[in-house]
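Undergrad: Can you read through this structure? Questions will come right after.
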Number of protein chains: 2
Amino acid sequence: MLQTPTATNDTPADARVAEILAAARQAFAEKGFDGASMQDLARAAGMSVGNFYRYFASKAAIVQALIASDLEEMGRDFEPVLASDDPIAAMRQKVRIKLVEHQCSDKGALWAEITAASLRKPDIGTACGHMETTIADYMMQAFATATGISLNESRQRFGAHAALIMMLVKSSAMMPQQDATLRHDLNTLILRIIDQTLDEIAANGAKG
Amino acid sequence: MLQTPTATNDTPADARVAEILAAARQAFAEKGFDGASMQDLARAAGMSVGNFYRYFASKAAIVQALIASDLEEMGRDFEPVLASDDPIAAMRQKVRIKLVEHQCSDKGALWAEITAASLRKPDIGTACGHMETTIADYMMQAFATATGISLNESRQRFGAHAALIMMLVKSSAMMPQQDATLRHDLNTLILRIIDQTLDEIAANGAKG
DNA sequence: TCAATCAGAATGAACGTTCATTCATTATCA
DNA sequence: TGATAATGAATGAACGTTCATTCTGATTGA
């Protein structure tokens, strides 16, 4: 009965936690980590302040849980990519989906908040660092299996490529919604760069 | 005796304001807009809280002044680029300089803070929007003179290119300082993309 | 030359509010 | 009944902002 730990598990308590996290995510996106009070978070979750503390010991704990939940979601996203016959092709498609997905959600605002906080709060910086290395490792596993090189070699040769792709997806999500045609043109440019980067990996993998 | 308005003018009061802004910039970078109290800002500027309010009417006013000061700095940066014989070549070099400059400063932390705040505070969002369109316009002026097309045509055809370059420079500055070789490889990739983007503009300008 | 005058630079205590957190209490339900 | 879930008032600290007051150095008038 072992189960992979996910944000939304099957016990009622875990479902409640997931609900609270979703509400907190929106509240933080609207008001920021410091701007959203515990009253705000409790109200968003539809409960009293005191009860809120039964689920999260502090404000910082919610932020950490939020980051952990994002990391888990990423893991779930990469699962089919890594299992695919052509992991790089799968990544191309996944990136396309995520790019338009993030555009219409408040995830960009939250990531911007997390990015800013990670540069000044050591705890959050550590959590983000762990998240980024984990995601980068997913990508480099995909690159390794796609090109036939070892994971270590993939890490050494394509670490920057992975970081670049992450940077582009993140930055794209953090863009404010603006003029539609400009936004479309920019998306096209970003996708072209990501495709080129993946092309380079696919081409460079065998002969390196 | 007309003079261009700059952050640091020659009157003593303006110099004082510039000092305060520099101190506030550091304090905000360390603690965030909400995290840094007026006490913190006043202490950083070496004065009492009450006196601080003689220079800035509110916390929000300092943030606005900080953004305006960044915009002015950008204007000063672009002045030689736009006056150059080869504006695109000048931009290549300026980007290289800025990329390493931002890497060793706390400007990335502040930009991350501003980016996050711009997505939830309308005032800051407006100011940032104005800043981005102004900078984009500088770039598209450079593209217009470099390719011989009109400014309007430059805006229509290269708006996304300008946005992409801004995005890359900003994202690079907002990266945490990490493993040196990874950082170097990533910088190389980013520069290659920017160069390619500028190549495309230079090549595409004449025939379009 | 020296006191009187004065503008504005600077101070830090005080104000009302909001914050994160705690806790005594009540409801729920098995 | 007993354990768990939930409440919201209470607490003390910290917040942004205001303001009565002090300090400082230049200007004045004799």
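Residues in the structure tokens are numbered from 1 in each chain, the chains being A, B, ... in the order shown, and ligands are numbered from 1 in the order shown.
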Residues within 10 Å of Gly148 in chain A, please, as a ChimeraX atom specification. Count only C-alpha atoms (C1' of nucleotides); anything in the same chain fewer than 6 positions from it doesn't count.
TA: /A:142,154,202,205-206
Undergrad: Any chance you could export the current selection's all heavy atoms as a CSV table (one decimal), in the first residue's frame?
TA:
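Okay, this is what ended up in selection.csv:
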```csv
chain,number,residue,atom,x,y,z
A,142,ALA,N,16.4,12.8,-19.3
A,142,ALA,CA,15.8,12.7,-20.6
A,142,ALA,C,16.8,12.8,-21.7
A,142,ALA,O,16.8,12.1,-22.7
A,142,ALA,CB,14.7,13.8,-20.8
A,154,SER,N,25.7,13.7,-19.4
A,154,SER,CA,24.6,14.6,-19.8
A,154,SER,C,24.6,15.8,-18.8
A,154,SER,O,24.4,16.9,-19.3
A,154,SER,CB,23.3,13.8,-19.6
A,154,SER,OG,22.2,14.6,-19.9
A,202,ALA,N,20.2,16.9,-29.2
A,202,ALA,CA,20.0,15.7,-29.9
A,202,ALA,C,21.1,15.4,-30.9
A,202,ALA,O,21.6,14.3,-31.1
A,202,ALA,CB,18.6,15.7,-30.7
A,205,GLY,N,24.7,14.9,-29.0
A,205,GLY,CA,24.8,13.8,-28.1
A,205,GLY,C,25.6,12.7,-28.6
A,205,GLY,O,26.5,12.2,-27.9
A,206,ALA,N,25.4,12.2,-29.8
A,206,ALA,CA,26.0,11.0,-30.3
A,206,ALA,C,27.5,11.2,-30.5
A,206,ALA,O,28.4,10.5,-30.0
A,206,ALA,CB,25.4,10.6,-31.6
```
Undergrad: Considering only C-alpha atoms (C1' of nucleotides), return as a PyMOL selection string whatever protein or nucleic-acid residues lie within 12 Å of Glu200 in chain B, sequence-local ones (same chain, fewer than 4 positions apart) excluded.
TA: (chain A and resi 189) or (chain B and resi 88+143+147+157-158+161-162+193-196+204-208)
Undergrad: Skip DG16 in chain C itself and residues of its chain fewer than 5 positions away, then list as a short mmCIF file (atom, residue, chain, number, x, y, z; two decimals) with all heavy atoms, in the first residue's frame all residues within 12 Å of it, counting only C-alpha atoms (C1' of nucleotides).
TA:
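Produced file part_3.cif, reproduced below:
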```cif
data_model
loop_
_atom_site.label_atom_id
_atom_site.label_comp_id
_atom_site.auth_asym_id
_atom_site.auth_seq_id
_atom_site.Cartn_x
_atom_site.Cartn_y
_atom_site.Cartn_z
P DC D 15 8.85 46.06 11.75
OP1 DC D 15 9.65 45.25 10.83
OP2 DC D 15 9.48 47.04 12.67
"O5'" DC D 15 7.74 46.82 10.90
"C5'" DC D 15 6.71 46.07 10.24
"C4'" DC D 15 5.51 46.95 10.02
"O4'" DC D 15 4.87 47.18 11.28
"C3'" DC D 15 5.85 48.35 9.54
"O3'" DC D 15 5.97 48.34 8.13
"C2'" DC D 15 4.62 49.14 9.99
"C1'" DC D 15 4.07 48.34 11.17
N1 DC D 15 4.12 49.05 12.49
C2 DC D 15 3.02 49.79 12.93
O2 DC D 15 2.03 49.86 12.18
N3 DC D 15 3.08 50.42 14.12
C4 DC D 15 4.18 50.32 14.87
N4 DC D 15 4.20 50.94 16.04
C5 DC D 15 5.31 49.55 14.44
C6 DC D 15 5.24 48.96 13.26
P DG D 16 6.71 49.56 7.45
OP1 DG D 16 7.10 49.12 6.10
OP2 DG D 16 7.72 50.06 8.39
"O5'" DG D 16 5.57 50.66 7.31
"C5'" DG D 16 4.39 50.34 6.59
"C4'" DG D 16 3.43 51.51 6.62
"O4'" DG D 16 3.07 51.78 7.99
"C3'" DG D 16 3.99 52.82 6.07
"O3'" DG D 16 2.95 53.53 5.41
"C2'" DG D 16 4.47 53.55 7.33
"C1'" DG D 16 3.47 53.09 8.37
N9 DG D 16 4.04 53.00 9.72
C8 DG D 16 5.25 52.45 10.09
N7 DG D 16 5.49 52.53 11.37
C5 DG D 16 4.38 53.17 11.89
C6 DG D 16 4.08 53.54 13.23
O6 DG D 16 4.75 53.38 14.25
N1 DG D 16 2.85 54.19 13.32
C2 DG D 16 2.00 54.43 12.26
N2 DG D 16 0.86 55.04 12.53
N3 DG D 16 2.28 54.09 11.00
C4 DG D 16 3.49 53.47 10.89
P DT D 17 3.29 54.91 4.67
OP1 DT D 17 2.32 55.09 3.57
OP2 DT D 17 4.74 54.98 4.39
"O5'" DT D 17 2.93 55.98 5.80
"C5'" DT D 17 1.64 55.94 6.41
"C4'" DT D 17 1.57 56.92 7.56
"O4'" DT D 17 2.33 56.42 8.68
"C3'" DT D 17 2.12 58.33 7.27
"O3'" DT D 17 1.05 59.25 7.32
"C2'" DT D 17 3.16 58.57 8.37
"C1'" DT D 17 2.77 57.53 9.42
N1 DT D 17 3.88 57.11 10.30
C2 DT D 17 3.77 57.31 11.66
O2 DT D 17 2.80 57.83 12.18
N3 DT D 17 4.85 56.88 12.40
C4 DT D 17 6.00 56.28 11.92
O4 DT D 17 6.90 55.96 12.68
C5 DT D 17 6.06 56.11 10.49
C7 DT D 17 7.27 55.48 9.85
C6 DT D 17 5.02 56.52 9.76
P DT D 18 1.28 60.81 7.12
OP1 DT D 18 0.07 61.38 6.52
OP2 DT D 18 2.62 61.02 6.52
"O5'" DT D 18 1.34 61.33 8.64
"C5'" DT D 18 0.29 60.96 9.52
"C4'" DT D 18 0.51 61.61 10.88
"O4'" DT D 18 1.62 60.97 11.54
"C3'" DT D 18 0.84 63.10 10.85
"O3'" DT D 18 0.02 63.74 11.82
"C2'" DT D 18 2.33 63.15 11.19
"C1'" DT D 18 2.47 61.95 12.11
N1 DT D 18 3.83 61.32 12.19
C2 DT D 18 4.37 61.08 13.43
O2 DT D 18 3.80 61.35 14.47
N3 DT D 18 5.62 60.48 13.40
C4 DT D 18 6.35 60.13 12.28
O4 DT D 18 7.44 59.60 12.38
C5 DT D 18 5.71 60.42 11.02
C7 DT D 18 6.41 60.06 9.75
C6 DT D 18 4.50 60.99 11.03
#
```
Undergrad: Write out as an mmCIF file with all heavy atoms, in the first residue's frame which residues come within 10 Å of DT24 in chain D when counting only C-alpha atoms (C1' of nucleotides), dropping same-chain ones fewer than 2 positions away.
TA:
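New file result.cif:
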```cif
data_model
loop_
_atom_site.group_PDB
_atom_site.id
_atom_site.type_symbol
_atom_site.label_atom_id
_atom_site.label_comp_id
_atom_site.auth_asym_id
_atom_site.auth_seq_id
_atom_site.Cartn_x
_atom_site.Cartn_y
_atom_site.Cartn_z
ATOM 1 P P DG C 8 12.723 77.231 4.221
ATOM 2 O OP1 DG C 8 12.956 77.470 2.789
ATOM 3 O OP2 DG C 8 11.351 77.183 4.772
ATOM 4 O "O5'" DG C 8 13.457 75.882 4.629
ATOM 5 C "C5'" DG C 8 14.868 75.756 4.500
ATOM 6 C "C4'" DG C 8 15.376 74.631 5.385
ATOM 7 O "O4'" DG C 8 15.297 75.036 6.766
ATOM 8 C "C3'" DG C 8 14.527 73.340 5.307
ATOM 9 O "O3'" DG C 8 15.362 72.229 5.501
ATOM 10 C "C2'" DG C 8 13.632 73.475 6.521
ATOM 11 C "C1'" DG C 8 14.702 73.972 7.470
ATOM 12 N N9 DG C 8 14.211 74.420 8.769
ATOM 13 C C8 DG C 8 13.007 75.029 9.065
ATOM 14 N N7 DG C 8 12.872 75.279 10.337
ATOM 15 C C5 DG C 8 14.047 74.804 10.913
ATOM 16 C C6 DG C 8 14.471 74.799 12.259
ATOM 17 O O6 DG C 8 13.892 75.220 13.258
ATOM 18 N N1 DG C 8 15.736 74.222 12.404
ATOM 19 C C2 DG C 8 16.486 73.721 11.368
ATOM 20 N N2 DG C 8 17.664 73.203 11.685
ATOM 21 N N3 DG C 8 16.098 73.722 10.106
ATOM 22 C C4 DG C 8 14.876 74.280 9.952
ATOM 23 P P DA C 9 15.782 71.321 4.355
ATOM 24 O OP1 DA C 9 16.443 72.110 3.301
ATOM 25 O OP2 DA C 9 14.595 70.507 4.069
ATOM 26 O "O5'" DA C 9 16.886 70.399 5.041
ATOM 27 C "C5'" DA C 9 18.048 71.005 5.588
ATOM 28 C "C4'" DA C 9 18.500 70.257 6.829
ATOM 29 O "O4'" DA C 9 17.795 70.769 7.982
ATOM 30 C "C3'" DA C 9 18.262 68.756 6.808
ATOM 31 O "O3'" DA C 9 19.431 68.117 7.312
ATOM 32 C "C2'" DA C 9 17.073 68.560 7.733
ATOM 33 C "C1'" DA C 9 17.237 69.698 8.720
ATOM 34 N N9 DA C 9 15.994 70.212 9.297
ATOM 35 C C8 DA C 9 14.882 70.645 8.613
ATOM 36 N N7 DA C 9 13.922 71.067 9.395
ATOM 37 C C5 DA C 9 14.419 70.905 10.671
ATOM 38 C C6 DA C 9 13.878 71.176 11.948
ATOM 39 N N6 DA C 9 12.675 71.689 12.148
ATOM 40 N N1 DA C 9 14.648 70.903 13.021
ATOM 41 C C2 DA C 9 15.871 70.394 12.832
ATOM 42 N N3 DA C 9 16.483 70.095 11.680
ATOM 43 C C4 DA C 9 15.694 70.380 10.627
ATOM 44 P P DA C 10 19.475 66.523 7.316
ATOM 45 O OP1 DA C 10 20.906 66.133 7.304
ATOM 46 O OP2 DA C 10 18.539 66.024 6.290
ATOM 47 O "O5'" DA C 10 18.893 66.160 8.748
ATOM 48 C "C5'" DA C 10 19.614 66.560 9.904
ATOM 49 C "C4'" DA C 10 18.842 66.162 11.135
ATOM 50 O "O4'" DA C 10 17.660 66.968 11.229
ATOM 51 C "C3'" DA C 10 18.345 64.712 11.159
ATOM 52 O "O3'" DA C 10 19.111 63.983 12.104
ATOM 53 C "C2'" DA C 10 16.868 64.811 11.555
ATOM 54 C "C1'" DA C 10 16.729 66.257 12.016
ATOM 55 N N9 DA C 10 15.408 66.844 11.767
ATOM 56 C C8 DA C 10 14.803 67.028 10.564
ATOM 57 N N7 DA C 10 13.608 67.581 10.649
ATOM 58 C C5 DA C 10 13.426 67.763 12.013
ATOM 59 C C6 DA C 10 12.361 68.303 12.769
ATOM 60 N N6 DA C 10 11.240 68.776 12.234
ATOM 61 N N1 DA C 10 12.507 68.342 14.121
ATOM 62 C C2 DA C 10 13.638 67.859 14.664
ATOM 63 N N3 DA C 10 14.705 67.328 14.054
ATOM 64 C C4 DA C 10 14.532 67.315 12.717
ATOM 65 P P DT D 22 12.104 71.174 23.006
ATOM 66 O OP1 DT D 22 12.422 70.897 24.425
ATOM 67 O OP2 DT D 22 11.659 72.516 22.564
ATOM 68 O "O5'" DT D 22 13.378 70.766 22.121
ATOM 69 C "C5'" DT D 22 13.882 69.434 22.192
ATOM 70 C "C4'" DT D 22 14.982 69.272 21.146
ATOM 71 O "O4'" DT D 22 14.420 69.485 19.829
ATOM 72 C "C3'" DT D 22 16.135 70.264 21.294
ATOM 73 O "O3'" DT D 22 17.343 69.527 21.255
ATOM 74 C "C2'" DT D 22 15.970 71.191 20.087
ATOM 75 C "C1'" DT D 22 15.315 70.262 19.076
ATOM 76 N N1 DT D 22 14.524 70.919 18.001
ATOM 77 C C2 DT D 22 14.895 70.718 16.696
ATOM 78 O O2 DT D 22 15.843 70.026 16.369
ATOM 79 N N3 DT D 22 14.094 71.351 15.766
ATOM 80 C C4 DT D 22 12.989 72.144 16.020
ATOM 81 O O4 DT D 22 12.359 72.659 15.116
ATOM 82 C C5 DT D 22 12.671 72.317 17.421
ATOM 83 C C7 DT D 22 11.504 73.172 17.811
ATOM 84 C C6 DT D 22 13.440 71.703 18.335
ATOM 85 P P DA D 26 26.976 78.235 7.737
ATOM 86 O OP1 DA D 26 27.743 77.364 6.841
ATOM 87 O OP2 DA D 26 27.636 78.938 8.852
ATOM 88 O "O5'" DA D 26 26.207 79.310 6.841
ATOM 89 C "C5'" DA D 26 24.984 78.939 6.212
ATOM 90 C "C4'" DA D 26 23.950 80.022 6.409
ATOM 91 O "O4'" DA D 26 23.491 80.006 7.782
ATOM 92 C "C3'" DA D 26 24.473 81.439 6.143
ATOM 93 O "O3'" DA D 26 23.693 82.037 5.123
ATOM 94 C "C2'" DA D 26 24.328 82.161 7.485
ATOM 95 C "C1'" DA D 26 23.242 81.350 8.168
ATOM 96 N N9 DA D 26 23.270 81.400 9.629
ATOM 97 C C8 DA D 26 24.265 80.946 10.457
ATOM 98 N N7 DA D 26 24.022 81.130 11.733
ATOM 99 C C5 DA D 26 22.778 81.752 11.750
ATOM 100 C C6 DA D 26 21.946 82.200 12.808
ATOM 101 N N6 DA D 26 22.287 82.109 14.090
ATOM 102 N N1 DA D 26 20.777 82.775 12.460
ATOM 103 C C2 DA D 26 20.447 82.880 11.171
ATOM 104 N N3 DA D 26 21.140 82.486 10.101
ATOM 105 C C4 DA D 26 22.302 81.923 10.468
#
```
Undergrad: Between C:DT11, C:DA30, C:DT17, C:DC2, which has the minimum distance to Phe52 in chain B (counting only C-alpha atoms (C1' of nucleotides))?
TA: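 Result for the nearest residue to Phe52 in chain B: C:DT11.
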Undergrad: Give me the residues of chain C that have any atom at most 12 Å from an atom of chain A; for each, the nearest atom pair and the distance in Å, rounded to one decimal. Use only C-alpha atoms (C1' of nucleotides), sort by chain and number, and format it as CSV.
TA:
```
residue,atom,partner,partner_atom,distance
C:DT18,C1',A:Ser37,CA,9.1
C:DC19,C1',A:Ser37,CA,7.2
C:DA20,C1',A:Met38,CA,7.1
C:DT21,C1',A:Ser58,CA,8.5
C:DT22,C1',A:Gly50,CA,8.4
C:DC23,C1',A:Gly50,CA,9.1
C:DA24,C1',A:Gly50,CA,11.8
```
Undergrad: Would you compute the distance between C1' of DC23 in chain D and C1' of DA14 in chain C? Give it in Å to one decimal.
TA: 20.8 Å
Undergrad: As a list of chain:residue names, could you give me every residue of chain A near chain B (at most 7 Å apart, counting only C-alpha atoms)?
TA: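 Going by the stated atoms only, the list reads A:Glu30, A:Lys31, A:Asp34, A:Gly35, A:Ala109, A:Ala112, A:Glu113, A:Thr115, A:Ala116, A:Leu119, A:Arg120, A:Gly159, A:Ala160, A:Leu164, A:Met167, A:Ser171, A:Pro176, A:Leu182, A:Asp185, A:Leu186.
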Undergrad: Those selected residues, please, written with N, CA, C and O atoms and delivered as an mmCIF file, in the first residue's frame.
TA:
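Final output, saved to selection.cif:
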```cif
data_model
loop_
_atom_site.group_PDB
_atom_site.id
_atom_site.type_symbol
_atom_site.label_atom_id
_atom_site.label_comp_id
_atom_site.auth_asym_id
_atom_site.auth_seq_id
_atom_site.Cartn_x
_atom_site.Cartn_y
_atom_site.Cartn_z
ATOM 1 N N GLU A 30 -2.068 36.997 -5.175
ATOM 2 C CA GLU A 30 -2.741 38.294 -5.206
ATOM 3 C C GLU A 30 -2.063 39.339 -4.322
ATOM 4 O O GLU A 30 -2.024 40.513 -4.658
ATOM 5 N N LYS A 31 -1.553 38.905 -3.180
ATOM 6 C CA LYS A 31 -1.040 39.873 -2.211
ATOM 7 C C LYS A 31 0.434 39.722 -1.878
ATOM 8 O O LYS A 31 0.989 40.554 -1.162
ATOM 9 N N ASP A 34 4.439 38.523 1.994
ATOM 10 C CA ASP A 34 4.341 39.401 3.158
ATOM 11 C C ASP A 34 3.000 40.120 3.198
ATOM 12 O O ASP A 34 2.498 40.426 4.273
ATOM 13 N N GLY A 35 2.443 40.372 2.026
ATOM 14 C CA GLY A 35 1.202 41.129 1.958
ATOM 15 C C GLY A 35 -0.010 40.338 2.406
ATOM 16 O O GLY A 35 -0.963 40.903 2.954
ATOM 17 N N ALA A 109 2.653 34.878 -11.235
ATOM 18 C CA ALA A 109 2.772 35.801 -10.108
ATOM 19 C C ALA A 109 3.394 35.103 -8.903
ATOM 20 O O ALA A 109 4.233 35.674 -8.213
ATOM 21 N N ALA A 112 7.076 34.485 -9.522
ATOM 22 C CA ALA A 112 7.809 35.744 -9.361
ATOM 23 C C ALA A 112 8.042 36.017 -7.880
ATOM 24 O O ALA A 112 9.137 36.418 -7.461
ATOM 25 N N GLU A 113 7.008 35.767 -7.088
ATOM 26 C CA GLU A 113 7.119 35.953 -5.648
ATOM 27 C C GLU A 113 8.177 35.020 -5.063
ATOM 28 O O GLU A 113 9.019 35.431 -4.267
ATOM 29 N N THR A 115 10.641 33.554 -6.644
ATOM 30 C CA THR A 115 11.962 33.938 -7.138
ATOM 31 C C THR A 115 12.544 35.071 -6.309
ATOM 32 O O THR A 115 13.705 35.028 -5.896
ATOM 33 N N ALA A 116 11.724 36.094 -6.090
ATOM 34 C CA ALA A 116 12.200 37.235 -5.307
ATOM 35 C C ALA A 116 12.569 36.798 -3.892
ATOM 36 O O ALA A 116 13.635 37.162 -3.375
ATOM 37 N N LEU A 119 15.866 34.901 -3.301
ATOM 38 C CA LEU A 119 17.122 35.644 -3.354
ATOM 39 C C LEU A 119 17.446 36.335 -2.043
ATOM 40 O O LEU A 119 18.531 36.900 -1.883
ATOM 41 N N ARG A 120 16.502 36.330 -1.110
ATOM 42 C CA ARG A 120 16.823 36.998 0.155
ATOM 43 C C ARG A 120 16.575 36.148 1.391
ATOM 44 O O ARG A 120 17.182 36.376 2.424
ATOM 45 N N GLY A 159 24.016 20.688 -18.743
ATOM 46 C CA GLY A 159 23.492 21.372 -17.566
ATOM 47 C C GLY A 159 23.007 22.777 -17.893
ATOM 48 O O GLY A 159 21.932 23.202 -17.459
ATOM 49 N N ALA A 160 23.804 23.492 -18.654
ATOM 50 C CA ALA A 160 23.437 24.870 -18.999
ATOM 51 C C ALA A 160 22.217 24.900 -19.914
ATOM 52 O O ALA A 160 21.374 25.798 -19.807
ATOM 53 N N LEU A 164 18.869 26.867 -19.138
ATOM 54 C CA LEU A 164 18.332 27.854 -20.080
ATOM 55 C C LEU A 164 16.844 27.615 -20.341
ATOM 56 O O LEU A 164 16.032 28.549 -20.311
ATOM 57 N N MET A 167 14.825 28.579 -17.418
ATOM 58 C CA MET A 167 14.787 30.040 -17.330
ATOM 59 C C MET A 167 13.755 30.616 -18.284
ATOM 60 O O MET A 167 12.980 31.513 -17.920
ATOM 61 N N SER A 171 10.479 32.581 -17.127
ATOM 62 C CA SER A 171 10.347 33.991 -17.504
ATOM 63 C C SER A 171 9.086 34.228 -18.296
ATOM 64 O O SER A 171 8.406 35.250 -18.122
ATOM 65 N N PRO A 176 3.772 39.824 -17.721
ATOM 66 C CA PRO A 176 2.401 40.312 -17.555
ATOM 67 C C PRO A 176 1.627 40.085 -18.847
ATOM 68 O O PRO A 176 2.226 40.046 -19.925
ATOM 69 N N LEU A 182 1.971 40.776 -29.737
ATOM 70 C CA LEU A 182 3.340 40.789 -29.213
ATOM 71 C C LEU A 182 3.593 39.530 -28.410
ATOM 72 O O LEU A 182 4.634 38.873 -28.554
ATOM 73 N N ASP A 185 4.057 36.609 -30.757
ATOM 74 C CA ASP A 185 5.361 36.635 -31.421
ATOM 75 C C ASP A 185 6.467 36.221 -30.446
ATOM 76 O O ASP A 185 7.380 35.476 -30.808
ATOM 77 N N LEU A 186 6.377 36.716 -29.229
ATOM 78 C CA LEU A 186 7.392 36.379 -28.235
ATOM 79 C C LEU A 186 7.366 34.886 -27.932
ATOM 80 O O LEU A 186 8.424 34.233 -27.851
#
```
Undergrad: Could you write out as a list in words the residues of chain D within 8 Å of chain A, counting only C-alpha atoms (C1' of nucleotides)?
TA: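 The answer, sorted by residue number, is DA5, DA6, DT7 and DG8 of chain D.
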